[in-house]
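Data file: my_file07.cif. Format and content: mmCIF, C-alpha atoms.
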data_final
#
loop_
_atom_site.label_atom_id
_atom_site.label_comp_id
_atom_site.auth_asym_id
_atom_site.auth_seq_id
_atom_site.Cartn_x
_atom_site.Cartn_y
_atom_site.Cartn_z
CA MET A 1 0.00 0.00 0.00
CA LYS A 2 1.17 3.52 -0.82
CA LYS A 3 0.35 6.61 1.20
CA LEU A 4 0.33 9.66 -1.07
CA LYS A 5 0.13 13.35 -0.25
CA PHE A 6 -1.44 15.52 -2.93
CA ARG A 7 -2.23 19.13 -3.69
CA TYR A 8 -4.47 20.42 -6.49
CA GLU A 9 -4.88 24.06 -7.51
CA MET A 10 -7.14 25.49 -10.19
CA GLU A 11 -7.05 29.19 -10.98
CA LEU A 12 -9.54 30.74 -13.41
CA LYS A 13 -8.77 34.31 -14.46
CA LEU A 14 -11.34 36.48 -16.24
CA ASP A 15 -10.61 39.70 -18.12
CA ARG A 16 -13.72 41.38 -16.69
CA PRO A 17 -16.04 40.75 -13.73
CA VAL A 18 -18.82 38.17 -13.96
CA ARG A 19 -21.53 37.13 -11.50
CA ASP A 20 -23.77 34.19 -10.57
CA HIS A 21 -20.90 31.82 -11.22
CA HIS A 22 -22.03 28.20 -10.80
CA PHE A 23 -19.23 25.66 -10.79
CA ARG A 24 -18.49 22.02 -10.02
CA ILE A 25 -15.11 20.70 -9.00
CA ARG A 26 -14.23 17.01 -8.63
CA CYS A 27 -10.86 17.19 -6.94
CA LYS A 28 -11.50 14.74 -4.10
CA PRO A 29 -9.98 11.29 -4.74
CA MET A 30 -12.57 8.58 -5.36
CA GLU A 31 -13.46 6.14 -2.63
CA ALA A 32 -12.92 2.79 -4.35
CA GLU A 33 -11.92 -0.77 -3.53
CA GLY A 34 -8.22 0.09 -3.78
CA GLN A 35 -8.26 3.75 -2.75
CA HIS A 36 -9.21 5.59 0.44
CA CYS A 37 -8.95 9.30 1.17
CA GLU A 38 -7.51 9.59 4.69
CA SER A 39 -7.74 13.38 4.90
CA PHE A 40 -9.03 16.11 2.59
CA LEU A 41 -9.50 19.88 2.63
CA CYS A 42 -10.91 22.06 -0.16
CA ARG A 43 -11.06 25.88 -0.24
CA THR A 44 -12.21 28.49 -2.74
CA TRP A 45 -11.42 32.18 -3.29
CA PRO A 46 -13.78 34.02 -3.27
CA GLU A 47 -15.07 31.93 -0.40
CA THR A 48 -18.38 30.13 -0.82
CA THR A 49 -20.27 27.17 0.57
CA LEU A 50 -19.53 23.88 -1.19
CA SER A 51 -22.12 21.10 -1.47
CA LEU A 52 -21.15 17.48 -2.01
CA VAL A 53 -22.65 16.05 -5.22
CA GLU A 54 -22.48 12.65 -6.96
CA ASP A 55 -23.15 11.75 -10.58
CA GLY A 56 -24.40 8.55 -12.21
CA PHE A 57 -20.86 7.23 -12.69
CA GLY A 58 -20.10 7.30 -8.96
CA ASN A 59 -17.92 10.42 -9.17
CA HIS A 60 -18.10 12.72 -6.16
CA GLY A 61 -17.47 16.43 -6.33
CA PHE A 62 -18.38 19.82 -4.92
CA ALA A 63 -20.85 22.32 -6.32
CA GLY A 64 -20.68 26.00 -5.48
CA VAL A 65 -21.96 29.38 -6.61
CA ILE A 66 -20.48 32.89 -6.32
CA ARG A 67 -23.18 35.51 -6.69
CA GLN A 68 -21.15 38.70 -6.36
CA PRO A 69 -19.07 40.17 -9.22
CA HIS A 70 -15.55 38.69 -9.42
CA ASP A 71 -12.77 38.36 -11.97
CA SER A 72 -11.11 35.17 -10.73
CA LEU A 73 -11.84 31.87 -9.05
CA THR A 74 -9.25 29.77 -7.24
CA VAL A 75 -9.85 26.29 -5.88
CA THR A 76 -7.26 24.45 -3.80
CA ALA A 77 -7.51 20.93 -2.46
CA GLU A 78 -5.05 18.86 -0.48
CA GLY A 79 -5.03 15.63 1.43
CA ILE A 80 -3.61 12.18 1.97
CA VAL A 81 -4.70 9.11 0.02
CA CYS A 82 -4.01 5.43 0.67
CA VAL A 83 -3.75 3.36 -2.51
CA LYS A 84 -3.32 -0.40 -2.64
CA ALA A 85 -3.36 -3.02 -5.38
CA VAL A 86 -7.01 -4.04 -5.12
CA LEU A 87 -8.94 -4.13 -8.39
CA ASP A 88 -12.51 -2.99 -8.98
CA THR A 89 -14.57 -5.99 -10.11
CA GLN A 90 -17.85 -4.24 -11.01
CA LEU A 91 -18.58 -3.95 -14.74
CA HIS A 92 -21.32 -1.77 -16.21
CA PRO A 93 -22.27 -2.72 -19.79
CA MET A 94 -22.14 0.91 -21.00
CA TYR A 95 -18.35 0.68 -21.14
CA ARG A 96 -18.63 -1.82 -23.99
CA PHE A 97 -20.05 0.78 -26.38
CA VAL A 98 -18.69 3.82 -28.18
CA SER A 99 -19.22 7.29 -26.74
CA ALA A 100 -19.09 10.76 -28.28
CA ARG A 101 -15.30 11.15 -28.01
CA THR A 102 -14.37 7.54 -28.83
CA VAL A 103 -16.15 6.69 -32.11
CA PRO A 104 -13.57 4.70 -34.15
CA SER A 105 -12.53 5.88 -37.59
CA ALA A 106 -11.31 3.82 -40.55
CA GLN A 107 -7.75 4.76 -39.51
CA ILE A 108 -8.27 3.50 -35.95
CA SER A 109 -9.84 0.27 -37.25
CA GLY A 110 -6.91 -0.21 -39.61
CA PHE A 111 -4.43 0.33 -36.81
CA LEU A 112 -6.14 -2.31 -34.68
CA ARG A 113 -5.99 -4.77 -37.59
CA GLU A 114 -2.26 -4.08 -37.97
CA VAL A 115 -1.62 -4.88 -34.32
CA GLU A 116 -3.77 -8.03 -34.44
CA GLN A 117 -1.93 -9.20 -37.56
CA GLU A 118 1.35 -8.67 -35.74
CA LEU A 119 0.06 -10.68 -32.76
CA GLY A 120 -1.49 -13.31 -34.98
CA ARG A 121 -4.69 -13.14 -32.94
CA PRO A 122 -7.23 -10.68 -31.52
CA VAL A 123 -6.21 -8.37 -28.69
CA SER A 124 -7.94 -10.23 -25.87
CA ASP A 125 -5.61 -10.38 -22.86
CA GLN A 126 -3.03 -8.33 -20.96
CA GLU A 127 -0.20 -9.40 -23.25
CA GLY A 128 -2.13 -8.18 -26.27
CA LEU A 129 -3.21 -4.98 -24.54
CA LEU A 130 0.38 -4.17 -23.62
CA VAL A 131 1.43 -4.62 -27.25
CA LEU A 132 -1.49 -2.45 -28.39
CA MET A 133 -0.51 0.26 -25.91
CA ASP A 134 3.13 0.08 -26.93
CA ARG A 135 2.32 0.40 -30.64
CA LEU A 136 0.02 3.37 -29.97
CA HIS A 137 2.73 5.01 -27.87
CA GLY A 138 5.14 4.59 -30.77
CA ARG A 139 2.67 5.89 -33.35
CA PHE A 140 1.24 8.90 -31.51
CA LEU A 141 3.29 11.90 -30.33
CA TYR A 142 2.80 13.96 -27.17
CA VAL A 143 2.39 17.56 -28.36
CA PRO A 144 0.50 20.08 -26.17
CA GLY A 145 -1.68 22.73 -27.72
CA VAL A 146 -2.70 20.96 -30.94
CA THR A 147 -5.93 19.43 -29.57
CA SER A 148 -8.66 20.62 -27.23
CA VAL A 149 -11.17 19.07 -24.82
CA ARG A 150 -13.55 18.75 -27.78
CA THR A 151 -11.14 16.70 -29.92
CA THR A 152 -12.33 13.15 -30.62
CA ALA A 153 -10.21 10.01 -30.79
CA ALA A 154 -10.62 9.92 -34.57
CA GLU A 155 -9.51 13.55 -34.98
CA ALA A 156 -6.51 13.16 -32.70
CA PHE A 157 -5.39 9.91 -34.32
CA ALA A 158 -5.65 11.48 -37.78
CA GLY A 159 -3.46 14.36 -36.58
CA GLY A 160 -0.92 12.00 -35.04
CA CYS A 161 -0.33 14.03 -31.90
CA GLY A 162 -2.03 15.34 -28.78
CA VAL A 163 -2.00 15.06 -25.01
CA CYS A 164 -2.95 12.51 -22.35
CA GLN A 165 -6.72 12.71 -22.89
CA ASP A 166 -6.16 11.98 -26.61
CA TYR A 167 -3.99 8.94 -25.82
CA ALA A 168 -6.72 7.72 -23.47
CA HIS A 169 -9.54 8.31 -25.96
CA ILE A 170 -7.73 6.50 -28.77
CA PHE A 171 -6.79 3.55 -26.55
CA ILE A 172 -10.37 3.28 -25.27
CA SER A 173 -11.67 3.43 -28.86
CA LEU A 174 -9.30 0.62 -29.86
CA CYS A 175 -10.26 -1.56 -26.89
CA ARG A 176 -14.02 -1.17 -27.41
CA LEU A 177 -13.58 -1.80 -31.12
CA GLY A 178 -11.87 -5.06 -30.17
CA GLY A 179 -14.78 -6.03 -27.90
CA ILE A 180 -13.04 -5.11 -24.63
CA PRO A 181 -14.87 -2.77 -22.19
CA ALA A 182 -12.85 0.34 -21.36
CA ARG A 183 -13.39 3.61 -19.50
CA TYR A 184 -11.76 7.02 -19.16
CA VAL A 185 -10.02 8.03 -15.92
CA ALA A 186 -8.86 11.45 -14.74
CA GLY A 187 -6.50 11.79 -11.82
CA LEU A 188 -3.10 12.69 -10.47
CA VAL A 189 0.33 11.10 -10.93
CA PRO A 190 3.62 11.43 -9.00
CA GLY A 191 5.56 14.65 -9.30
CA GLU A 192 4.45 18.16 -10.22
CA GLY A 193 2.38 19.20 -13.21
CA ALA A 194 -1.31 19.06 -14.05
CA THR A 195 -4.07 16.48 -13.90
CA HIS A 196 -3.57 13.34 -16.00
CA ALA A 197 -5.78 10.97 -17.97
CA TRP A 198 -5.49 7.24 -18.60
CA ALA A 199 -7.72 4.26 -19.34
CA GLU A 200 -9.09 1.38 -17.32
CA VAL A 201 -9.70 -1.81 -19.25
CA TRP A 202 -11.80 -4.83 -18.26
CA ASP A 203 -9.06 -7.46 -18.13
CA GLN A 204 -9.48 -10.94 -16.62
CA GLY A 205 -12.59 -10.02 -14.62
CA ALA A 206 -11.37 -6.72 -13.17
CA TRP A 207 -10.56 -3.13 -14.12
CA ARG A 208 -6.85 -2.57 -14.75
CA GLY A 209 -5.29 0.79 -15.47
CA TYR A 210 -3.32 1.38 -18.67
CA ASP A 211 -1.48 4.67 -19.23
CA PRO A 212 -0.73 4.94 -22.96
CA THR A 213 0.83 8.39 -22.54
CA HIS A 214 3.66 6.82 -20.52
CA ASN A 215 3.31 3.33 -22.02
CA ALA A 216 2.88 1.87 -18.54
CA LEU A 217 0.49 -0.03 -16.34
CA VAL A 218 -1.14 2.07 -13.62
CA ASP A 219 0.27 1.32 -10.17
CA GLU A 220 -0.25 2.43 -6.56
CA THR A 221 1.26 5.87 -7.21
CA TYR A 222 -1.73 7.00 -9.32
CA ILE A 223 -4.60 8.86 -7.62
CA LYS A 224 -7.99 8.46 -9.28
CA LEU A 225 -10.40 11.41 -9.24
CA THR A 226 -13.11 10.47 -11.76
CA HIS A 227 -14.09 7.90 -14.37
CA GLY A 228 -16.64 7.67 -17.17
CA ARG A 229 -17.16 6.82 -20.82
CA ASP A 230 -14.82 9.59 -21.98
CA PHE A 231 -13.58 13.08 -21.06
CA VAL A 232 -17.09 14.52 -20.92
CA ASP A 233 -18.07 12.18 -18.07
CA GLY A 234 -14.75 12.52 -16.28
CA THR A 235 -14.32 16.30 -16.39
CA VAL A 236 -12.63 17.49 -13.19
CA ASP A 237 -13.99 21.03 -13.30
CA LYS A 238 -16.72 22.89 -15.17
CA GLY A 239 -18.95 25.90 -14.69
CA CYS A 240 -21.00 28.74 -16.14
CA PHE A 241 -21.58 32.39 -15.23
CA LEU A 242 -23.50 35.52 -16.21
CA GLY A 243 -21.41 37.95 -18.20
CA TYR A 244 -19.04 37.93 -21.14
CA ALA A 245 -15.37 37.43 -20.31
CA TYR A 246 -12.24 35.84 -21.75
CA GLN A 247 -11.11 32.95 -19.54
CA MET A 248 -7.64 31.65 -18.81
CA GLN A 249 -7.26 28.55 -16.65
CA GLN A 250 -4.15 27.28 -14.91
CA ILE A 251 -3.94 23.95 -13.09
CA TYR A 252 -1.20 22.79 -10.78
CA ALA A 253 -0.98 19.36 -9.18
CA LYS A 254 1.60 17.72 -6.97
CA VAL A 255 1.77 14.16 -5.65
CA GLU A 256 4.45 12.82 -3.35
CA GLU A 257 4.83 9.52 -1.54
CA LEU A 258 4.93 9.58 2.26
CA GLU A 259 7.29 7.31 4.15
#
Just dump the structure as structure tokens.
Amino acid sequence: MKKLKFRYEMELKLDRPVRDHHFRIRCKPMEAEGQHCESFLCRTWPETTLSLVEDGFGNHGFAGVIRQPHDSLTVTAEGIVCVKAVLDTQLHPMYRFVSARTVPSAQISGFLREVEQELGRPVSDQEGLLVLMDRLHGRFLYVPGVTSVRTTAAEAFAGGCGVCQDYAHIFISLCRLGGIPARYVAGLVPGEGATHAWAEVWDQGAWRGYDPTHNALVDETYIKLTHGRDFVDGTVDKGCFLGYAYQMQQIYAKVEELE
């Protein structure tokens, strides 16, 4: 079991004041079979009351509203999480089917056929999934700024580059195309940076994490925040307000292992 200390910061800057700002933030680590949040504290500036909410995917978060005019919103969260190698064994059938961001293209289908021809069989077990992940990692380049949260797996794959959510979407699309249930995960990884995305795949009767961005299996140093069919379900933060303003968001995350 790993004991991990984390900090999450989200700063939203606006070029003019807005009001009646409704937002939802899902920065508290999930309570799951292999993960338990030992301590947690969340604050906002401007200060407001936060209400605990849960969606249909089992993701917990906080909803808040700032009525008065403001030109920035900062959310910070920190805590300690215990993570151990226990796998989730509950499968919902929705993860077998395509979703808005993971519809396969002819290029994605062709890539899967290439990998299966190399294997000499369908991708149906961990060995095959590791090969599939490795070949995707070699084919797709990590390049920030060329895709957005609206980019689909097909669009990203056609472009040949993107960021972690694109790797996850493409890998999920490939798995579902091959008849393997898969879901999108957002969370935190060791070190300093931003939030990260990876995939969980139904493998030998349990959910196992695959991180195609790093070409690695997910281990006890990953902190899971949300999961769903794709990015739309697993969004960590979202909101709306009254007023017209240009937005600039910055996210900082840090995870370190405690002795």
### Message
Residues near segment 216-233 of chain A, anyone? I mean within 8 Å using all atoms listed in the file, not counting same-chain ones fewer than 6 positions away, as number ranges by chain.
### Response
A: 1-2, 4, 26-30, 35, 57, 59-60, 81, 83-85, 94-95, 99-102, 149, 165, 169, 182-190, 208-210, 257
* Would you kindly return, as a list in words, each protein, DNA or RNA residue with an atom no farther than 7 Å from any atom of Phe62 of chain A, considering all atoms listed in the file and excluding same-chain residues fewer than 2 positions away? =>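 Neighbouring residues, sequence-local ones excluded: Arg24, Ile25, Arg26, Leu50, Ser51, Leu52, Val53 and Gly64 of chain A.
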**Message:** I need the residue nearest Leu129 of chain A from this list: A:Ala206, A:Ile180, A:Leu73, A:Val103. Use all atoms listed in the file for the distance.
**Reply:**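 Checking each of A:Ala206, A:Ile180, A:Leu73, A:Val103 against Leu129 of chain A, counting all atoms listed in the file, the winner is A:Ile180.
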Tell me which of A:Asp203, A:Thr152, A:Gln107, A:Leu12 sits closest to Glu127 of chain A, counting all atoms listed in the file.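 Using all atoms listed in the file, Glu127 of chain A sits closest to A:Asp203.
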| query | Taking (-21.4, 31.0, -12.7) in the file's coordinates, which residues come within 10 Å, counting only C-alpha atoms, written as a ChimeraX atom specification? | reply | /A:18-24,64-68,238-243
Using all atoms listed in the file, which protein or nucleic acid residues come within 10 Å of Pro144 of chain A? Drop anything in the same chain fewer than 4 positions from it, and give the result as a ChimeraX atom specification. /A:148,161-164
Practice problem: Could you jot down the atom CA of Arg7 of chain A to atom CA of Leu258 of chain A separation for me, Å, one decimal place? | Solution: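 Those two atoms sit 13.3 Å apart.
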Can you work out the spacing between atom CA of Glu38 of chain A and atom CA of Glu192 of chain A in Å, to one decimal?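 For atom CA of Glu38 of chain A relative to atom CA of Glu192 of chain A, the distance reads 20.9 Å.
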Give me segment 83-97 of chain A from this structure - N, CA and C atoms, as a PDB file, in the first residue's frame.
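Below is the file decode14.pdb, written as the result:
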ATOM      1  N   VAL A  83      -3.468   4.110  -1.295  1.00  0.00           N
ATOM      2  CA  VAL A  83      -3.746   3.358  -2.508  1.00  0.00           C
ATOM      3  C   VAL A  83      -3.102   1.989  -2.396  1.00  0.00           C
ATOM      4  N   LYS A  84      -3.871   0.954  -2.677  1.00  0.00           N
ATOM      5  CA  LYS A  84      -3.323  -0.402  -2.642  1.00  0.00           C
ATOM      6  C   LYS A  84      -3.793  -1.180  -3.860  1.00  0.00           C
ATOM      7  N   ALA A  85      -3.114  -2.253  -4.150  1.00  0.00           N
ATOM      8  CA  ALA A  85      -3.359  -3.017  -5.376  1.00  0.00           C
ATOM      9  C   ALA A  85      -4.580  -3.919  -5.230  1.00  0.00           C
ATOM     10  N   VAL A  86      -5.748  -3.299  -5.141  1.00  0.00           N
ATOM     11  CA  VAL A  86      -7.008  -4.035  -5.123  1.00  0.00           C
ATOM     12  C   VAL A  86      -7.813  -3.561  -6.314  1.00  0.00           C
ATOM     13  N   LEU A  87      -8.280  -4.482  -7.146  1.00  0.00           N
ATOM     14  CA  LEU A  87      -8.940  -4.126  -8.388  1.00  0.00           C
ATOM     15  C   LEU A  87     -10.455  -4.075  -8.244  1.00  0.00           C
ATOM     16  N   ASP A  88     -11.067  -3.122  -8.934  1.00  0.00           N
ATOM     17  CA  ASP A  88     -12.513  -2.995  -8.979  1.00  0.00           C
ATOM     18  C   ASP A  88     -13.064  -4.106  -9.869  1.00  0.00           C
ATOM     19  N   THR A  89     -14.039  -4.843  -9.362  1.00  0.00           N
ATOM     20  CA  THR A  89     -14.571  -5.990 -10.107  1.00  0.00           C
ATOM     21  C   THR A  89     -16.027  -5.797 -10.520  1.00  0.00           C
ATOM     22  N   GLN A  90     -16.483  -4.535 -10.591  1.00  0.00           N
ATOM     23  CA  GLN A  90     -17.848  -4.241 -11.006  1.00  0.00           C
ATOM     24  C   GLN A  90     -17.842  -3.693 -12.433  1.00  0.00           C
ATOM     25  N   LEU A  91     -18.530  -4.373 -13.331  1.00  0.00           N
ATOM     26  CA  LEU A  91     -18.575  -3.952 -14.735  1.00  0.00           C
ATOM     27  C   LEU A  91     -19.971  -3.484 -15.111  1.00  0.00           C
ATOM     28  N   HIS A  92     -20.060  -2.254 -15.653  1.00  0.00           N
ATOM     29  CA  HIS A  92     -21.324  -1.770 -16.214  1.00  0.00           C
ATOM     30  C   HIS A  92     -21.256  -1.948 -17.724  1.00  0.00           C
ATOM     31  N   PRO A  93     -22.310  -2.450 -18.345  1.00  0.00           N
ATOM     32  CA  PRO A  93     -22.267  -2.718 -19.786  1.00  0.00           C
ATOM     33  C   PRO A  93     -22.061  -1.494 -20.664  1.00  0.00           C
ATOM     34  N   MET A  94     -22.300  -0.277 -20.155  1.00  0.00           N
ATOM     35  CA  MET A  94     -22.137   0.913 -21.003  1.00  0.00           C
ATOM     36  C   MET A  94     -20.705   1.086 -21.484  1.00  0.00           C
ATOM     37  N   TYR A  95     -19.746   0.513 -20.753  1.00  0.00           N
ATOM     38  CA  TYR A  95     -18.348   0.683 -21.143  1.00  0.00           C
ATOM     39  C   TYR A  95     -17.942  -0.226 -22.303  1.00  0.00           C
ATOM     40  N   ARG A  96     -18.892  -0.997 -22.803  1.00  0.00           N
ATOM     41  CA  ARG A  96     -18.626  -1.819 -23.992  1.00  0.00           C
ATOM     42  C   ARG A  96     -18.859  -1.028 -25.289  1.00  0.00           C
ATOM     43  N   PHE A  97     -19.573   0.090 -25.184  1.00  0.00           N
ATOM     44  CA  PHE A  97     -20.046   0.778 -26.378  1.00  0.00           C
ATOM     45  C   PHE A  97     -19.340   2.107 -26.594  1.00  0.00           C
TER      46      PHE A  97
END
